[in-house]
Structures are given as structure tokens and as C-alpha cells.
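This report refers to the structure that appears directly beneath it.
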Amino acid sequence: MTIKHQGQQYRPRMAFLRKIEDLVKEMQNPETGIRMQSQRVMITNIPHAMTGNDILQWIAQRLWIGNIEAQNLGNFIVKYGYIYPLQDPKNLILKPESNSLYRFQTPYFWPTQQWSAEDTDYAIYLAKRNIKKRGILEEYEKENYSFLNKKINHKWDFVIMQAKEQYKTGKERKKADRYALDCQEKAYWLVHRCPPGTDNVLDYGLNRVTNPNEDKKITIALVRKENMYYQQALMRSTVKSSVSLGGIVKYSEQFSSNDPIMSGCLPSNPWITDDTQFWELNAKLVEIPTKMRVERWAFNFSELIRDPKGRQSFQFFLKKEFSGENLGFWEACEDLKYGDQSKVKEKAQEIYKLFLAPGARRWINIDGKTMDITVKGLKHPHRYVLDAAQTHIYMLMKKQSPIQEASSPVQPKPCHPSAAGGRGQSSRSSQHGGHHPGHEQTGSEEPTQKGNSS
Amino acid sequence: MRGAGPGERAREAREAVAECRAAYEALNRFTASYRQLVLGVGSSADGRRLRRALEDSGRRGFELSLGLRNQLLAELTEPGGRQEEEVKMELERIWVLCLSALEIFLQDLGRAHDLSQLFPLPSLAPETQLVNTGVTSFGPKGWSLRRPSGKASERARELPEELAQWGQRLEEMLVEMETKVNVPVWSVEATVDSPGAEEPSLEGSAGRSPRGCCARAPLRLQSHCIVA
């Protein structure tokens with residue numbers, strides 16, 4: 001916790017918390033605030049309880065809003081833990097009745113940006129409750145407890161010792177206070193480690209890289225950095241929004257018939273009918289691909305290459321017409337990029353021996369300049385060292401494939417009869433797969449020629 | 001003072017460990033009580049007395065932590081590794097315990113500081129009231145200032161005055177402790193029984209990796225070890 005590492009460690013600004021705090025502070029005013037009552041718990045009286053109705057009315061009057069909005073706002077205040085319910089602690093809403101009681105949370109337990117609810121504290125809290133009465137923890141709390149036991153095992157001695165101490169010190173307080181304090185702590189953890197099934201209201205996504213509270217002093221270095229950043233932003237290639245929107249529309253039109261949500265799926269949607277045939281028919285390397293799938297390959301080259309079955313068919317086709325070294329090289333490059341990085345050096349060497357070295361067994365035909373760059377880069381291999389060569393090969397494959405494939409008899413016997421469906425029939429003949437908009441080129445976009453335009 | 005034979009040294013070492021342990025337990029107790037105090041800041045239990053108690057105990061906590069740290073440092077960095085394996089392991093365990101307690105103390109200090117600013121007491125503006133939480137007294141009954149034990153308090157250095165400064169110094173100290181001393185935090189095994197866990201062994205991990213190895217480990221792993 002104290003050692004700050006590089007990277008994301010800052011919580012974002014939570015401006016809404018400050019706003020709620022101001023409101024809550026106003027509620028305390030003895031004259032203009034909320035009416036307080038006493039709560040009777042067995043034989044003790046604990047002060048400072050309020051009814052839900054009073055809270056609601058106060059909010060509505062103070063902010064000049066209607067009851068519905070006040071109810072909404074009241075729910076927020078309870079959800080974030082500034083006010084907690086006394087009778088139904090897990091249900092964090094504001095019940096506007098006059099017999100539902102609430103109490104304010106102590107500022108120590110308010111949610112803040114600076115302090116997050118730490119695992120160690122949670123472990124101590126659970127241990128404390130366990131010490132108080134064994135087995136009182138709920139199922140999800142027990143799970144969390146054993147999970148934390150493994151996660152921070154090296155601190156576990158401390159957790160147990162501190163829990164015992166805190167339990168002892170807690171017992172030394174006045175009975176009424178102790179009751180209130182216990183309720184407070186329980187409410188705090190119900191908000192910050194919510195039970196399964198409830199929304200985690202404080203979820204803000206990932207931590208940030210920069211400190212949002214930091215006061216940046218304007219220095220020359222800072223201005224220079226900002227300058228550089230903006231210049232790079234300006235240099236980024238951009239696309240007119242009309243063009244990119246047009247691209248999205250075209251893409252949606254093209255793929256709409258293939259989309260199981262937009263156009264339904266045959267034989268049936270497994271999520272609805274619990275019949276998994278659809279998934280079986282569309283398995284990655286199924287023997288007979290469905291007709292819809294094959295049609296999708298006709299859209300453009302990257303669809304073909306991305307589908308494992310498409311790749312397989314393509315490889316088969318290439319082996320027949322040409323040797324499949326291009327695809328083999330492409331796959332090896334993918335493996336280098338996304339595979340185990342500890343073996344980068346060996347992999348790169350192997351690829352060189354197999355595909356690039358003069359007289360290699362599966363020598364790929366790339367131009368001299370790219371070969372030069374690649375060989376130079378291989379002296380210090382990293383995951384992107386073969387990018388230039390891979391792009392070159394990709395372009396080659398792309399140019400070759402559609403024209404040849406159309407005239408070759410290697411098209412797979414499409415589909416399972418039930419997947420034939422009555423959707424657009426693609427004509428195999430015009431196979432000039434259109435450019436995937438925005439894929440390789442930014443800026444102007446070529447007109448897409450598709451076989452099946454819906 | 002070094003005794004004549006190894007038996008003498010071993011006894012001294014064990015005594016030192018026992019002292020460290022006692023000092024740690026004092027710190028542990030203190031952290032729990034301090035937390036009780038901070039729980040009250042801004043609530044209906046708040047008041048001048050609470051704030052004063054906060055300051056006093058903050059100071060004492062600082063004393064305690066400094067003392068314990070110095071003592072542990074002195075024991076751990078004894079030249080030549082003359083200590084037995086068991087003693088060393090025990091010291092490392094106490095070191096980790098101390099670190100954890102300090103983290104909690106530091107967190108509570110920070111919270112106390114923030115909350116005191118949110119509810120500035122002597123000059124409480126007419127609009128800011130204390131939050132009515134139902135709690136009316138601060139601190140446990142018979143809030144007693146337990147004096148820290150012997151050697152630990154002797155070794156405490158001079159203390160800066162302000163609460164905020166303590167927080168900073170404590171944080172620096174914590175960072176120093178975590179980075180400069182050769183104690184791998186995660187190699188300490190729990191000796192306490194927890195529900196569902198089988199009886200753990202008393203010894204720590206067999207192969208303790210030196211700090212250099214840890215520094216080279218990927219950052220993600222490191223944060224998992226040290227961060228709560």
C-alpha cells in the first residue's frame with residue numbers, strides 16, 4: 001500500500017461525494033435539520049435515529065424538489081453509506097414510512113476518494129465477527145474470508161492479533177455506543193464489500209495513471225510536454241466523421257444478416273431454447289461449415305483469415321495451387337506477436353531459418369527492402385520484428401486469394417441443411433472482396449463491391 | 001554487550017526477540033485504541049477532548065513505532081549472521097507484523113487528519129455541525145495511556161510537532177522499511193489458525209529469495225506481495 005508502483009494507482013475524482021457530504025452536514029443542524037428521535041434497543045436508548053419519512057420530507061423541502069426526485073436522492077444517500085437503515089441493513093434504500101429508522105454514518109466510514117476500503121481492514125472486520133461468535137459469517141463472507149486468508153496470508157498473524165485487540169477495545173466502550181459502532185461498521189462493509197446480487201455502487205472501473213488532485217505547477221518542462229502531446233495529436237491521421245459513419249453503416253448492412261441477434265439464428269438460439277446445436281454447427285474447426293459462415297468469408301479477406309475454419313480451407317487451397325508457406329509464415333508471425341514472449345528469440349530464429357534465410361525450405365517471396373529490414377531487426381528480436389514482412393505477405397495473400405479461389409473447385413461443400421436458411425444467397429462468382437473500411441488505409445475509402453448486398 | 005560463548009549470545013538474542021515482540025504487542029494495542037479515537041472524529045462524540053487525545057496518542061504511536069523499528073533494525077542488521085535460523089525467522093515475522101500495524105496506523109493518521117480538516121473544531125463555523133451518529137463518548141472506558149516498554153521508548157528519536165508531518169515521516173519510514181531491509185514480506189507464513197486452514201508449520205519458507213530477485217520480479221507480482 002505504501003509503495004507506489006508505476007502505473008494506475010490513483011482513484012478518480014468523485015465529486016458527487018462532496019455534494020452528498022454538504023447535504024448531510026446540513027441535515028445536522030439542530031434547528032433546520034432533520035428531527036432526531038431515540039431508538040430503543042432492549043434496555044438502552046440510542047439517540048439520533050430518524051424516520052425515513054422525515055428524511056424524505058426534509059430533502060424535498062430543502063431542495064425544492066418533488067417527492068419522486070427526493071426519493072431518488074434519498075436512495076443515493078443511503079446507497080453510498082452516508083445514512084444506514086436500522087431495521088433492514090442489507091436493503092439500502094430510503095423507505096419513506098414513519099416507522100423505518102435510519103441513522104447517520106460516522107465520517108470515518110464515509111466513502112472518500114483518498115481512502116479505499118482495504119483488504120486488510122476487511123479481513124480484520126470478518127475476523128472480529130468470527131471471534132465474537134463463531135460461524136456467524138454469511139456464506140459470501142466466509143468465502144471472502146478464506147480467499148483473503150490465501151491472498152494476504154503473510155499478514156494473517158497481524159489480522160488475527162489486531163482483530164482480537166479491536167474486539168477487546170470495542171468491549172470497553174459504553175453499551176449504547178458499542179451497539180451504534182457495530183451497526184456503523186457493518187453498514188460500512190455492506191457498502192464497500194457488497195453481498196452478491198447487489199450493485200457495487202462505488203465501482204469506478206480502473207484506477208487512473210495520473211493523480212487527479214495533483215496541482216500541476218506550470219513549468220517550462222510541463223508546457224513542453226503538453227506541446228509535444230498536442231503536436232502528436234495533430235499528426236494523427238484522421239477520418240472525416242461522414243466517412244467513418246458511412247463505413248459503419250456499410251459494415252452493419254453487410255453483416256446484419258450474419259448477426260445472430262439482429263437476424264436470428266438457425267436452428268435456434270441456444271440461450272433461449274437451451275439447444276446447443278447452433279454452437280456445435282459453428283464450432284471453430286467443424287468439418288462442414290455452415291452456409292452463412294462461408295458467405296461471410298466472401299465479404300473480405302480478413303474475415304476469411306480470422307475464422308480458423310476459413311484459414312484451414314484457405315491453407316488447403318493454397319497447398320493445392322501454391323505452396324502454403326505464405327500462410328504458414330503469417331501464422332508464425334501471429335504466434336510470435338501473441339505467444340509466449342520468453343521464447344521470442346528462439347521463435348524468431350526458427351522463423352528465419354524456415355522462411356527467410358536464402359535457400360530456406362519454405363522460402364517466402366518478399367521484396368529486397370523488406371527482407372533487409374527484417375534481417376536487420378532479427379539481430380534484436382522482439383514481438384513486432386516481423387511486422388513489415390507479415391504485412392507484405394498479408395497483402396500478397398489478399399491479392400491472390402479471391403481471384404483464384406473463385407475459379408478453383410476447392411470451395412467447401414457448404415453446410416448443414418438446417419442452416420441453409422432463407423437468407424441472402426451469395427453469388428460465388430463476383431468474389432472481389434471489398435476493402436474492410438478503415439482496415440488498412442485511413443482516409444479515403446474505396447467503393448465496396450460485394451457479392452451480396454442486402 | 002557480547003557474552004563470552006554461543007550460549008550466552010543465543011540467550012541474549014532470544015531476550016531481544018522477546019522485547020521486540022512485547023514492543024510490537026504494545027503497538028498493536030495502540031493501533032486498535034487509536035482507531036477507536038478516529039472513529040469518533042466528526043461524529044457526535046467529537047470535541048476538544050477527543051482532538052487532544054488524538055494528538056497525544058498520535059505522538060505516542062509515533063514514539064512506539066520509531067522505537068520498535070529501531071530495535072528491529074538493530075537486531076536484524078547484526079553483522080555476520082550470527083543468529084540462529086529460528087531467531088532470524090522470528091524477527092522477520094515481527095518485522096512483517098510491525099509493517100502491517102504501521103500501515104494501519106498510517107492510514108488512520110491520514111484519515112484523522114482529513115476528518116479534522118473537514119470538521120475543524122475550535123473554529124466550528126456556524127453552518128458545520130458534527131454528525132449525529134448516536135455515539136456520545138469517545139474512546140474506551142478508562143482511556144489509559146499505556147506507557148511503552150523500556151528499550152523501545154529509549155530509542156525513539158525527536159518528534160516533529162504537527163500531525164501532518166508525522167504522517168509524512170511515518171510514510172517515509174514505512175517506505176524505507178519496505179525497500180531497504182532484506183526481508184521478503186510474503187515468505188512469512190501464518191502461525192495462527194484460521195477457519196478452514198490446516199495447522200500451518202512454524203517455519204517460514206525454505207528458500208528465501210534475496211531482495212534483488214524480488215526487485216526484478218514483474219511489478220504486478222510485487223504489488224501483490226506488499227499491498228494489502
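Ordering of the C-alpha cells sets the chain letters (A, B, ...), residue numbers begin anew at 1 in every chain, and ligands are numbered from 1 in the order given.
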
Inset, instruction - Tell me which protein, DNA and RNA residues are within 6 Å of Leu336 (chain A), counting only C-alpha atoms, leaving out same-chain ones fewer than 3 positions away, and put them as a list in words. - result: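 Contacts, in chain order: Cys333, Gly339 and Arg383 of chain A.
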
Inset, instruction - Could you give me, as a ChimeraX atom specification, the residues within 9 Å of region 366-377 of chain A, counting only C-alpha atoms and dropping anything in the same chain fewer than 3 positions from it? - result: /A:352,356-357,380-382,385-389,392-393

Could you turn the residues from that selection into a file that holds C-alpha atoms, as a PDB file, in the first residue's frame?
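The file below, out.pdb, is the result:
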ATOM      1  CA  TYR A 352      14.202 -17.041 -40.068  1.00  0.00           C
ATOM      2  CA  LEU A 356      13.511 -16.146 -44.659  1.00  0.00           C
ATOM      3  CA  ALA A 357      17.007 -17.485 -44.988  1.00  0.00           C
ATOM      4  CA  HIS A 380      17.455  -7.859 -31.707  1.00  0.00           C
ATOM      5  CA  PRO A 381      14.256  -9.803 -31.878  1.00  0.00           C
ATOM      6  CA  HIS A 382      11.096  -8.624 -30.226  1.00  0.00           C
ATOM      7  CA  VAL A 385      10.183  -7.581 -35.507  1.00  0.00           C
ATOM      8  CA  LEU A 386       8.426  -9.410 -38.352  1.00  0.00           C
ATOM      9  CA  ASP A 387       5.637  -6.925 -38.765  1.00  0.00           C
ATOM     10  CA  ALA A 388       6.847  -5.470 -42.047  1.00  0.00           C
ATOM     11  CA  ALA A 389       7.297  -8.880 -43.615  1.00  0.00           C
ATOM     12  CA  HIS A 392       3.768  -7.727 -47.083  1.00  0.00           C
ATOM     13  CA  ILE A 393       2.766 -11.359 -47.067  1.00  0.00           C
TER      14      ILE A 393
END

Inset, instruction - Could you list the residues in chain A lying within 7 Å of chain B, using only C-alpha atoms, and format the result as a ChimeraX atom specification? - result: /A:1-3,25,28-29,46-48,103-108,118-120,152-158,162,165-166,169,172-173,177,180

Using only N, CA and C atoms, please write the residues we just selected to a file, as a JSON list (two decimals), in the first residue's frame.
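Output (selection.json):
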[["chain", "number", "residue", "atom", "x", "y", "z"],
["A", 1, "MET", "N", 0.83, -1.20, 0.00],
["A", 1, "MET", "CA", 0.00, 0.00, 0.00],
["A", 1, "MET", "C", 0.86, 1.24, 0.00],
["A", 2, "THR", "N", 1.95, 1.23, 0.71],
["A", 2, "THR", "CA", 2.73, 2.46, 0.76],
["A", 2, "THR", "C", 3.65, 2.58, -0.43],
["A", 3, "ILE", "N", 4.09, 1.43, -0.93],
["A", 3, "ILE", "CA", 4.99, 1.53, -2.08],
["A", 3, "ILE", "C", 4.15, 1.79, -3.32],
["A", 25, "LYS", "N", -24.23, 17.31, 5.99],
["A", 25, "LYS", "CA", -23.84, 18.23, 7.07],
["A", 25, "LYS", "C", -24.98, 19.16, 7.41],
["A", 28, "GLN", "N", -27.61, 18.13, 9.87],
["A", 28, "GLN", "CA", -27.31, 18.02, 11.29],
["A", 28, "GLN", "C", -27.80, 19.20, 12.10],
["A", 29, "ASN", "N", -28.13, 20.25, 11.41],
["A", 29, "ASN", "CA", -28.46, 21.48, 12.11],
["A", 29, "ASN", "C", -29.60, 21.24, 13.09],
["A", 46, "ILE", "N", -30.74, 4.58, 22.26],
["A", 46, "ILE", "CA", -29.65, 5.13, 21.43],
["A", 46, "ILE", "C", -30.22, 6.32, 20.68],
["A", 47, "PRO", "N", -29.59, 7.48, 20.85],
["A", 47, "PRO", "CA", -30.16, 8.69, 20.26],
["A", 47, "PRO", "C", -29.89, 8.76, 18.76],
["A", 48, "HIS", "N", -30.37, 9.83, 18.19],
["A", 48, "HIS", "CA", -30.05, 10.20, 16.82],
["A", 48, "HIS", "C", -30.54, 9.19, 15.80],
["A", 103, "ARG", "N", -29.96, 6.08, 10.59],
["A", 103, "ARG", "CA", -29.01, 6.85, 11.40],
["A", 103, "ARG", "C", -27.87, 7.28, 10.50],
["A", 104, "PHE", "N", -27.19, 8.36, 10.94],
["A", 104, "PHE", "CA", -26.07, 8.85, 10.15],
["A", 104, "PHE", "C", -24.83, 8.00, 10.38],
["A", 105, "GLN", "N", -24.02, 7.89, 9.34],
["A", 105, "GLN", "CA", -22.78, 7.16, 9.45],
["A", 105, "GLN", "C", -21.69, 8.11, 9.92],
["A", 106, "THR", "N", -20.78, 7.59, 10.74],
["A", 106, "THR", "CA", -19.72, 8.44, 11.24],
["A", 106, "THR", "C", -18.74, 8.78, 10.12],
["A", 107, "PRO", "N", -18.19, 10.00, 10.12],
["A", 107, "PRO", "CA", -17.35, 10.41, 9.00],
["A", 107, "PRO", "C", -16.17, 9.49, 8.71],
["A", 108, "TYR", "N", -15.69, 8.78, 9.72],
["A", 108, "TYR", "CA", -14.60, 7.83, 9.46],
["A", 108, "TYR", "C", -15.00, 6.82, 8.40],
["A", 118, "GLU", "N", -9.63, -1.15, 2.39],
["A", 118, "GLU", "CA", -8.56, -2.08, 2.14],
["A", 118, "GLU", "C", -8.92, -3.51, 2.51],
["A", 119, "ASP", "N", -8.26, -4.44, 1.85],
["A", 119, "ASP", "CA", -8.50, -5.85, 2.13],
["A", 119, "ASP", "C", -8.13, -6.21, 3.55],
["A", 120, "THR", "N", -7.01, -5.63, 4.03],
["A", 120, "THR", "CA", -6.59, -5.97, 5.39],
["A", 120, "THR", "C", -7.67, -5.59, 6.39],
["A", 152, "ILE", "N", -3.65, -12.66, 1.51],
["A", 152, "ILE", "CA", -2.72, -11.91, 2.36],
["A", 152, "ILE", "C", -2.26, -12.79, 3.50],
["A", 153, "ASN", "N", -1.89, -14.00, 3.17],
["A", 153, "ASN", "CA", -1.54, -14.95, 4.20],
["A", 153, "ASN", "C", -0.38, -14.46, 5.06],
["A", 154, "HIS", "N", 0.52, -13.71, 4.44],
["A", 154, "HIS", "CA", 1.69, -13.29, 5.21],
["A", 154, "HIS", "C", 1.30, -12.28, 6.27],
["A", 155, "LYS", "N", 0.13, -11.66, 6.13],
["A", 155, "LYS", "CA", -0.29, -10.71, 7.15],
["A", 155, "LYS", "C", -1.26, -11.34, 8.13],
["A", 156, "TRP", "N", -1.50, -12.62, 7.99],
["A", 156, "TRP", "CA", -2.63, -13.17, 8.73],
["A", 156, "TRP", "C", -2.43, -13.10, 10.23],
["A", 157, "ASP", "N", -1.20, -13.32, 10.68],
["A", 157, "ASP", "CA", -0.93, -13.17, 12.12],
["A", 157, "ASP", "C", -1.40, -11.81, 12.59],
["A", 158, "PHE", "N", -1.02, -10.81, 11.81],
["A", 158, "PHE", "CA", -1.39, -9.46, 12.19],
["A", 158, "PHE", "C", -2.91, -9.29, 12.20],
["A", 162, "GLN", "N", -4.73, -8.16, 15.49],
["A", 162, "GLN", "CA", -5.39, -6.85, 15.51],
["A", 162, "GLN", "C", -6.88, -7.01, 15.74],
["A", 165, "GLU", "N", -7.43, -7.47, 19.37],
["A", 165, "GLU", "CA", -7.27, -6.20, 20.09],
["A", 165, "GLU", "C", -8.46, -5.29, 19.87],
["A", 166, "GLN", "N", -8.88, -5.19, 18.63],
["A", 166, "GLN", "CA", -10.00, -4.30, 18.34],
["A", 166, "GLN", "C", -11.26, -4.79, 19.04],
["A", 169, "THR", "N", -10.88, -3.75, 22.68],
["A", 169, "THR", "CA", -11.10, -2.32, 22.90],
["A", 169, "THR", "C", -12.56, -1.96, 22.69],
["A", 172, "GLU", "N", -14.71, -2.36, 25.64],
["A", 172, "GLU", "CA", -14.54, -1.47, 26.77],
["A", 172, "GLU", "C", -15.43, -0.26, 26.69],
["A", 173, "ARG", "N", -16.17, -0.11, 25.63],
["A", 173, "ARG", "CA", -16.97, 1.11, 25.50],
["A", 173, "ARG", "C", -18.33, 0.92, 26.12],
["A", 177, "ASP", "N", -22.97, 2.95, 22.92],
["A", 177, "ASP", "CA", -22.01, 3.31, 21.89],
["A", 177, "ASP", "C", -21.55, 2.11, 21.13],
["A", 180, "ALA", "N", -24.07, 1.14, 18.58],
["A", 180, "ALA", "CA", -24.06, 2.04, 17.43],
["A", 180, "ALA", "C", -22.82, 1.80, 16.57]]

Legend entry - Pairwise distance for CA of Arg193 (chain A) and CA of Gly205 (chain A), rounded to one decimal in Å: 15.2 Å

Inset, instruction - Find the residue from A:Ala176, A:Leu63, A:Val344, A:Leu86 that sits nearest to Met50 (chain A); use only C-alpha atoms when measuring. - result: A:Leu86

Legend entry - Minimum-distance residue to Lys337 (chain A), chosen among A:Lys250, A:Asp121, A:Gln390, A:Leu318 (using only C-alpha atoms):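 So, comparing all the options, the nearest one is A:Gln390.
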